[in-house]
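A quick write-up on the structure given underneath.
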Amino acid sequence: MVETHTHVRTPAVQWRQYRRYLVSYGLLPCLLVMLFLLLGFYDERFWRVTNLINVMRNASYLMIISAGQMIVLIVGGFDLSVGGVAALTSVTMALAMVQLRNLIPDALTTVVVLGVLVGLITGFAIGFLNGFVVAILRVNPFMVTIGSMSVAYGVALYATAGVPVYGMPEVFSRNFANLQLFGLPVIVYLTIVILFAVWVAMGSTKLGRYIYAVGSNLHAASLSGVPTTVCIIVAYVASSLLASVTGVLLTARVGSGEANLAQTLMLESIAAAIIGGVSLRGGVGHVGSVALGALLLALVTNGLDIMHINSLFQPIVIGVVLVAAAGLDRIAPTVR
Amino acid sequence: MNALLHTLDSISRNGMRHSVAQLGINYGFLPVILVLTYLAFGVLEPRFLTANNALNILKQSSYLIIFAAAQLFPLLTRGYDLSVGMVISMISVASAMIMMAVLHATNDVPLAIVAAACGGFGIGVLVGVINGACVAALGINPFIVTLGMQGVAFGLATTLSGGFPVYNLPDAYSKIFAYSNWLGLPASVATCLIILGIVHIILSRTVFGRSLYLIGASPRAVHVAGLPSHRYNALAYVACACLTSIGALLLTARTASGEPNAGGDFMLKSIAAAVIGGVSLRGGEGRVIHCVFGGLFITVLSIGMNFVRVDGYIQQIILGIVVIAAVYFDQFRRRTRL
Amino acid sequence: MYERRLDRSRAHTTFSMPLDNQTTPLLGRTKLSVVEPVFQMNGIVKHFPGVHALKGVDLEVFKGEVHVLFGENGAGKSTLINIIAGTFPPDEGKIVFDGEAQSSMTAHRARELGVSAVFQEFSLAPDLTIEENLLLGREATRFGLLRKAKMREQVRAMLAELDFDLSPNTRVGVLTRAEQQMTEIAKALLGKVKLLILDEPTSSLTERETEKLFAIIAQLKHHGVGIIYVSHRLGEIKRIGDRLTVLRDGAKIGTVAVAKVDEEQLVEMMTGRAAEVLFPRIEHRPQEEVLRVRDLSTASGAVRGVDLYLRAGEVVGLAGLVGCGKSELARALFGLEVLEGGRISLFGRDLQTPPTPASMLASGVCYFPSDRVAEGLALVRPLRENVSMAALKLSNFSWHGLLRLAAERIISQEKIQQLQVRPADAERPVELLSGGNRQKVMLSRGIIRDVKVFLFDEPTVGIDVGAKVEIYRILAKLQQQGAAILVASSELPELLHLSSRVYVMNRGKISAELQGDDIREDVILSNFFDREGTTFPRRANAH
């Protein structure tokens, strides 16, 4: 019973209240605009439409997977398995499409739809298992998702023997991936729809509110009659499903089912969420800020490309940005 | 929770059962499971039980045990170090490159080896200091810090040498640090034993070690008791990175090359070994012997599966399941204290 | 007096709970003439590890009654109200609610039946707003979407009804403790309420807010709601209580009508012994000044410009509402709060640098936190390590960073014996000890090294009566040996009997320094609050 709350509303507390708005509505957009201008002045090619579309496309993948990561972080957990889920989705979907294509060579659209469904079901299953083990068996989420990451990559590698799976219908790997609408890749619209759905779900439904409540104070939530177990399972399922969607989109882009798909996705998704102001302690986070965080990472990555820096340097930069963002969050209150 | 304390309370009134319970608390059932697993693989494949293979198990597990002992330091303080695996890769590549550079410049093999060892160790210390400073001084969540460091180390490991292994290390290096016998033991096993001894002494007989347990049990209480909790917490990450770098140097000697993939799954495996062995993820509980049992178990499992020809990828799946199951049973054991 | 209040509240407050669509039991219910129980429990037994928390307790609450639960910390009050609220089940015993026997009480079932509880530890989610917290679990939706405007309207209406000055879209995490308390009370009053449990609700409220709460209680009574009211404050018990049940060491001592008992009887029922047996006789022999604080302020704003001194051989009390800054003051002196200004001098010398726990321990000052779980003890570690924790760096425990394990074992065993920690097994984890024995382990820090100044924050919170007596004895002994002792406490009897001087704090400032005959409950309480228009009805001879 420590008396942390006093009669006097302290400057530190006030600052903490404002800081969140500052970071989500002030700092991050400013940083984005600055980066945008700097990159443009550094190299004209940055402004080219093809490059900008490329940035948006790359940001899209990251935004979707980070939105899922955000939900798990809000409920007070982690999901280290998102990269593994994306890879496994890619593999199972590709394998399913190849098999189905042999069975029903005439109905390629059906093949694609069923294949995507198989991929999403894979994601759903892993998410459900994660949520079940965390919420009902009460195992540390860190260990659970690190374990399921290992399992997901293991299954993906075993199923493909580490070799990319080719032979998906071109409707999917070429037409869908390159489909454009009003000059923008269809993926961008899809991302907007998904982000909007997450925004509505988290901000304007009971379930979303419960997820915030569970992450903020599990005990209080359960005392208030919130079905905490359901909330936790739903959060992990959502995260895995969104990771799975990212896997589907990336597979369409790459054109083959890859067990090594985007190995840095886990790191990047957590980085985007943290940059977007999501708290590791749960209960705090907005999908808009997370999307901006993802956009920032995509810009940084693009900047590295423009500056002809080896793409292998990306994780270094992302790692530093991640720690810096978390550090800024810690230091800021004492600056005042 | 209350039920478990209650059970324990009633058990403790009973002397004989008390000691059995105490054994269970200290070591879990892992030693038993370890022996059973060993024998089970022996039944499936009699060659598994040969002395030669036993030595092989010891050799292979010595690396993992070193990394698990490294991981023990942050785990005791309720943290963990996710960067272990990639730091191994980075040090492997960096020390190999240093060795080659010095060799080219001076053609002096002993000097090259010493320089590489010092360089590798120095990088380890630097990594540890950065991790420790971010966790303890800036108060950033260890998960974020070491995840960021993992990204940095991964990037450096893959870019330093252009993503390729560094070959043609002097034979002497491998001979001394991987294939020689010290006091009748393979070099890695001997080093591992020395490290275990030192870690044991640090943890049980120094103010620093004691403080780590206390920090894990209650970080604020340590501060209130006037101990430099921040400094010790940071030092835990330094100790972790130092041990990691020693293990990485040994590993480099064994492969006779600087490998960007050397670390691979050691992050998962090092945490898994410690936790399976009985180190608590909630801090404050765990000893060196737990790392030994955990490391041996994982190694026996993987070598055994190789013997019975389980696919490497399947092994990865099994490892993931074993980790989750181990944490679950660990919690179960703590809940019932048996 | 009481009737007048009732009338006044009836005049301008009507309880129409705007949030329940069904008719609320509060509305339209005529005042009951027949006394019928809303709630009964018989032979309730509850064990916790190492503690027999409840030993067959009976309790009966009538409709429209304020039933006071009275007892010391650790007497079993909080266990009892947690069982009623369904937080955990009793081991044995029968619960009857509204004439129906309840086979299993869960939090969910309790809420269904109309049991609402306001605990001292709040059940609010700090990252949600007041509105979100109030409606958590009862959100209004249409087509699966939240009806935010409607809910905002409901909450506004609700807060206006209660006359609570809270803005619905403030995050609970930034509220003051008093505001959180109000939010918690508002939350408890949502929906149908048949039995309301209030656990020391006024401990952090100001006078004005307390008045509001009492008006609400009167209104609820009028509508036949049964109220279980846990309090230590005799003044308010006398004012609003109907009947009173005394608990001691997990057993029910008796139920009496509040009007028919006097305070001496209550204290004796509560403690099982006359005050002079409970509290040791302390002869205050103040000697030289050891600690002086001038104009001390903390960066958090909890302590603002405090002057205080402490002499060897005296016990000085620090009183005030929860959240008045008394805890923070003790913490600040030990370097656990960031200081913004002021001077601290120890043994006549000004501190040149801000204090840190290490430096204060080195100069003979030791702090004993109220939250022994979070700040005092390493629960999973053995007694031995906890006893030696604050002395590890001394030369008898370590040599150049290497521990002297044999010496540690001997010395800590000796201290454990000396303070009569039970069981005296140095290798047992501290988590298996009772509250009193945990505090003794903490106290060992004061005798394992040379400590001259003891700073206590709620020294007997969560400790049973027997252990309290022992702790008081130890304090008295330390004082006799010339220690300077500062006790920040919410237990007034403790301060009344132990201290030679009492500082009262209000809003971070010292509002009074009392000595000798001025150390009385009514005088201390009157200094808890700002001096505003209304006055707290003080009894003339409270002590």
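Here, A, B, ... name the chains of the structure tokens in the order displayed, residue numbers run from 1 inside each chain, and ligands are numbered from 1 in the same displayed order.
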
task: Please report as an NGL selection string which residues of chain A come no farther than 7 Å from chain B, using only C-alpha atoms.
output: :A and (139 or 143-144 or 147-148 or 150-151 or 154-155 or 157-158 or 312-316 or 318-320 or 322-323 or 326-327 or 330)

Written file, previous selection with C-alpha atoms, as a short mmCIF file (atom, residue, chain, number, x, y, z; two decimals), in the first residue's frame:
```
data_model
loop_
_atom_site.label_atom_id
_atom_site.label_comp_id
_atom_site.auth_asym_id
_atom_site.auth_seq_id
_atom_site.Cartn_x
_atom_site.Cartn_y
_atom_site.Cartn_z
CA VAL A 139 2.51 -19.92 -19.15
CA MET A 143 8.30 -18.45 -23.60
CA VAL A 144 5.08 -19.57 -25.27
CA GLY A 147 8.38 -21.81 -28.50
CA SER A 148 5.66 -21.50 -31.11
CA SER A 150 10.42 -22.37 -33.21
CA VAL A 151 7.59 -24.78 -34.00
CA GLY A 154 10.32 -25.90 -37.94
CA VAL A 155 7.12 -27.01 -39.64
CA LEU A 157 11.19 -25.74 -43.09
CA TYR A 158 10.29 -29.38 -42.76
CA LEU A 312 21.73 -6.32 -44.28
CA PHE A 313 22.37 -3.15 -42.28
CA GLN A 314 18.63 -2.73 -41.80
CA PRO A 315 18.35 -4.75 -38.61
CA ILE A 316 21.14 -2.67 -37.10
CA ILE A 318 15.97 -0.90 -36.64
CA GLY A 319 17.54 -2.24 -33.46
CA VAL A 320 19.02 1.15 -32.64
CA LEU A 322 13.86 0.50 -31.26
CA VAL A 323 16.06 1.00 -28.22
CA ALA A 326 12.01 3.01 -25.78
CA GLY A 327 14.75 5.08 -24.18
CA ARG A 330 11.81 6.46 -20.34
#
```

- request: Give me, as a PyMOL selection string, the contact residues of chain B against chain C at a cut-off of 6 Å, counting only C-alpha atoms.
  value: chain B and resi 5-6+205-207+214+217-218+220-221+224-226

C-alpha atoms of the current selection, written as a CSV table (one decimal), in the first residue's frame:
```
chain,number,residue,atom,x,y,z
B,5,LEU,CA,2.1,-22.2,0.3
B,6,HIS,CA,-0.2,-24.2,2.4
B,205,ARG,CA,29.8,-16.4,-2.3
B,206,THR,CA,29.9,-12.8,-3.4
B,207,VAL,CA,27.9,-9.8,-2.6
B,214,LEU,CA,17.7,-10.5,-4.1
B,217,ALA,CA,13.1,-11.6,-5.7
B,218,SER,CA,12.4,-7.9,-5.1
B,220,ARG,CA,13.1,-2.3,-4.9
B,221,ALA,CA,13.9,-4.1,-1.7
B,224,VAL,CA,16.0,0.1,0.0
B,225,ALA,CA,18.6,-2.1,1.6
B,226,GLY,CA,21.3,0.2,0.4
```

message: Taking only C-alpha atoms into account and nothing else, which residues of chain C lie no more than 8 Å away from chain A? Please answer as a VMD selection string.
response: chain C and resid 107 to 108 121 to 128 132 136 to 137 139 141 144 to 146 148 174 to 178 300 to 302 322 to 325 327 to 328 370 to 371 507

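For the atom pair formed by CA of Asp165 in chain C and CA of Ser203 in chain C, the distance is 18.6 Å, given to one decimal.
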
- request: Identify, with DSSP run on backbone atoms, the residues in range 89-284 of chain A assigned to alpha helix (DSSP H), and express the list as a PyMOL selection string.
  value: chain A and resi 89-103+108-135+141-160+170+177-178+186-204+206-216+218-223+228-254+265-275

message: Taking 6 positions as the minimum chain separation for residues in the same chain, which residues sit within 8 Å of Thr77 in chain B when counting only C-alpha atoms? Answer as a PyMOL selection string.
response: chain B and resi 212-217+219+233+236+283-284

message: What's around Leu496 in chain C at 9 Å? Count only C-alpha atoms, leave out sequence neighbours fewer than 3 positions away in its own chain, and write the answer as an MDAnalysis selection string.
response: chainID C and resid 317 491:493 499:500 502 519:521

Can those selected residues be exported to a file as a PDB file, in the first residue's frame so that it contains N, CA and C atoms?
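Ended up saving to result_11.pdb:
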```pdb
ATOM      1  N   GLY C 317       5.446  10.783  16.214  1.00  0.00           N
ATOM      2  CA  GLY C 317       4.421  10.291  15.311  1.00  0.00           C
ATOM      3  C   GLY C 317       4.228  11.228  14.131  1.00  0.00           C
ATOM      4  N   GLU C 491      -2.828   4.461  12.020  1.00  0.00           N
ATOM      5  CA  GLU C 491      -3.480   3.908  13.200  1.00  0.00           C
ATOM      6  C   GLU C 491      -3.334   4.919  14.330  1.00  0.00           C
ATOM      7  N   LEU C 492      -4.408   5.659  14.584  1.00  0.00           N
ATOM      8  CA  LEU C 492      -4.278   6.711  15.588  1.00  0.00           C
ATOM      9  C   LEU C 492      -3.910   6.192  16.982  1.00  0.00           C
ATOM     10  N   PRO C 493      -4.523   5.082  17.462  1.00  0.00           N
ATOM     11  CA  PRO C 493      -4.192   4.634  18.819  1.00  0.00           C
ATOM     12  C   PRO C 493      -2.688   4.425  19.003  1.00  0.00           C
ATOM     13  N   SER C 499       3.779   7.984  20.982  1.00  0.00           N
ATOM     14  CA  SER C 499       4.605   9.150  20.654  1.00  0.00           C
ATOM     15  C   SER C 499       4.698  10.162  21.782  1.00  0.00           C
ATOM     16  N   SER C 500       5.832  10.804  21.816  1.00  0.00           N
ATOM     17  CA  SER C 500       5.957  11.936  22.726  1.00  0.00           C
ATOM     18  C   SER C 500       5.598  13.231  22.006  1.00  0.00           C
ATOM     19  N   VAL C 502       3.681  14.528  18.079  1.00  0.00           N
ATOM     20  CA  VAL C 502       3.028  14.098  16.845  1.00  0.00           C
ATOM     21  C   VAL C 502       3.006  15.264  15.864  1.00  0.00           C
ATOM     22  N   ILE C 519      -1.988  15.567  22.424  1.00  0.00           N
ATOM     23  CA  ILE C 519      -2.026  14.372  21.588  1.00  0.00           C
ATOM     24  C   ILE C 519      -3.306  13.613  21.895  1.00  0.00           C
ATOM     25  N   ARG C 520      -4.402  14.054  21.247  1.00  0.00           N
ATOM     26  CA  ARG C 520      -5.697  13.403  21.414  1.00  0.00           C
ATOM     27  C   ARG C 520      -6.288  13.185  20.034  1.00  0.00           C
ATOM     28  N   GLU C 521      -7.160  12.168  19.946  1.00  0.00           N
ATOM     29  CA  GLU C 521      -7.716  11.824  18.635  1.00  0.00           C
ATOM     30  C   GLU C 521      -8.414  13.019  17.984  1.00  0.00           C
TER      31      GLU C 521
END
```

I want to know what sits within 8 Å of Val198 in chain A, based on only C-alpha atoms, with residues of the same chain fewer than 3 positions away left out; could you give that as an mmCIF file with N, CA, C and O atoms, in the first residue's frame?
```cif
data_model
loop_
_atom_site.group_PDB
_atom_site.id
_atom_site.type_symbol
_atom_site.label_atom_id
_atom_site.label_comp_id
_atom_site.auth_asym_id
_atom_site.auth_seq_id
_atom_site.Cartn_x
_atom_site.Cartn_y
_atom_site.Cartn_z
ATOM 1 N N ALA A 67 -0.082 -3.992 -36.399
ATOM 2 C CA ALA A 67 -1.382 -3.782 -35.763
ATOM 3 C C ALA A 67 -1.724 -4.996 -34.900
ATOM 4 O O ALA A 67 -2.240 -4.866 -33.790
ATOM 5 N N ILE A 194 -7.987 -2.863 -43.279
ATOM 6 C CA ILE A 194 -7.627 -3.633 -42.074
ATOM 7 C C ILE A 194 -7.366 -2.702 -40.905
ATOM 8 O O ILE A 194 -7.852 -2.919 -39.791
ATOM 9 N N LEU A 195 -6.606 -1.631 -41.142
ATOM 10 C CA LEU A 195 -6.314 -0.696 -40.055
ATOM 11 C C LEU A 195 -7.597 -0.077 -39.534
ATOM 12 O O LEU A 195 -7.776 0.081 -38.323
ATOM 13 N N ALA A 201 -12.518 -1.891 -34.014
ATOM 14 C CA ALA A 201 -12.616 -2.995 -33.051
ATOM 15 C C ALA A 201 -12.025 -2.592 -31.704
ATOM 16 O O ALA A 201 -12.584 -2.889 -30.654
ATOM 17 N N MET A 202 -10.904 -1.906 -31.739
ATOM 18 C CA MET A 202 -10.245 -1.559 -30.471
ATOM 19 C C MET A 202 -10.913 -0.370 -29.798
ATOM 20 O O MET A 202 -10.916 -0.259 -28.581
ATOM 21 N N VAL A 287 -3.838 2.372 -32.908
ATOM 22 C CA VAL A 287 -3.431 1.782 -34.173
ATOM 23 C C VAL A 287 -2.890 2.849 -35.119
ATOM 24 O O VAL A 287 -1.969 2.595 -35.890
#
```

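Taking CA of Val163 in chain A as the reference point, CA of Ile187 in chain A is found at 26.4 Å.
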
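Coordinates place CA of Thr298 in chain C at a distance of 28.0 Å from CA of Leu475 in chain C.
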
query: Could you name the residues that touch Phe73 in chain B at 12 Å or less, counting only C-alpha atoms, but leaving out those on the same chain fewer than 2 positions away, as a VMD selection string?
result: chain B and resid 66 to 71 75 to 81 128 132 199 to 200 202 to 203 208 to 213 215 to 216 232 to 244 270 to 271 274 279 to 281 283 to 288 291

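For Gly43 in chain C, the residues within 12 Å (counting only C-alpha atoms, excluding itself and residues fewer than 5 positions away along the chain) are Leu54, Lys55, Gly56, Val57, Asp58, Leu59, Glu60, Leu80, Pro90, Asp91, Glu92, Gly93, Lys94, Ile95, Val96, Gly250, Ala251 and Lys252 of chain C.
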
message: I need the residues of range 364-418 of chain C that end up classed as strand (DSSP E or B) by DSSP on the backbone, written out as a ChimeraX atom specification.
response: /C:365-368,382,398-399,402-403
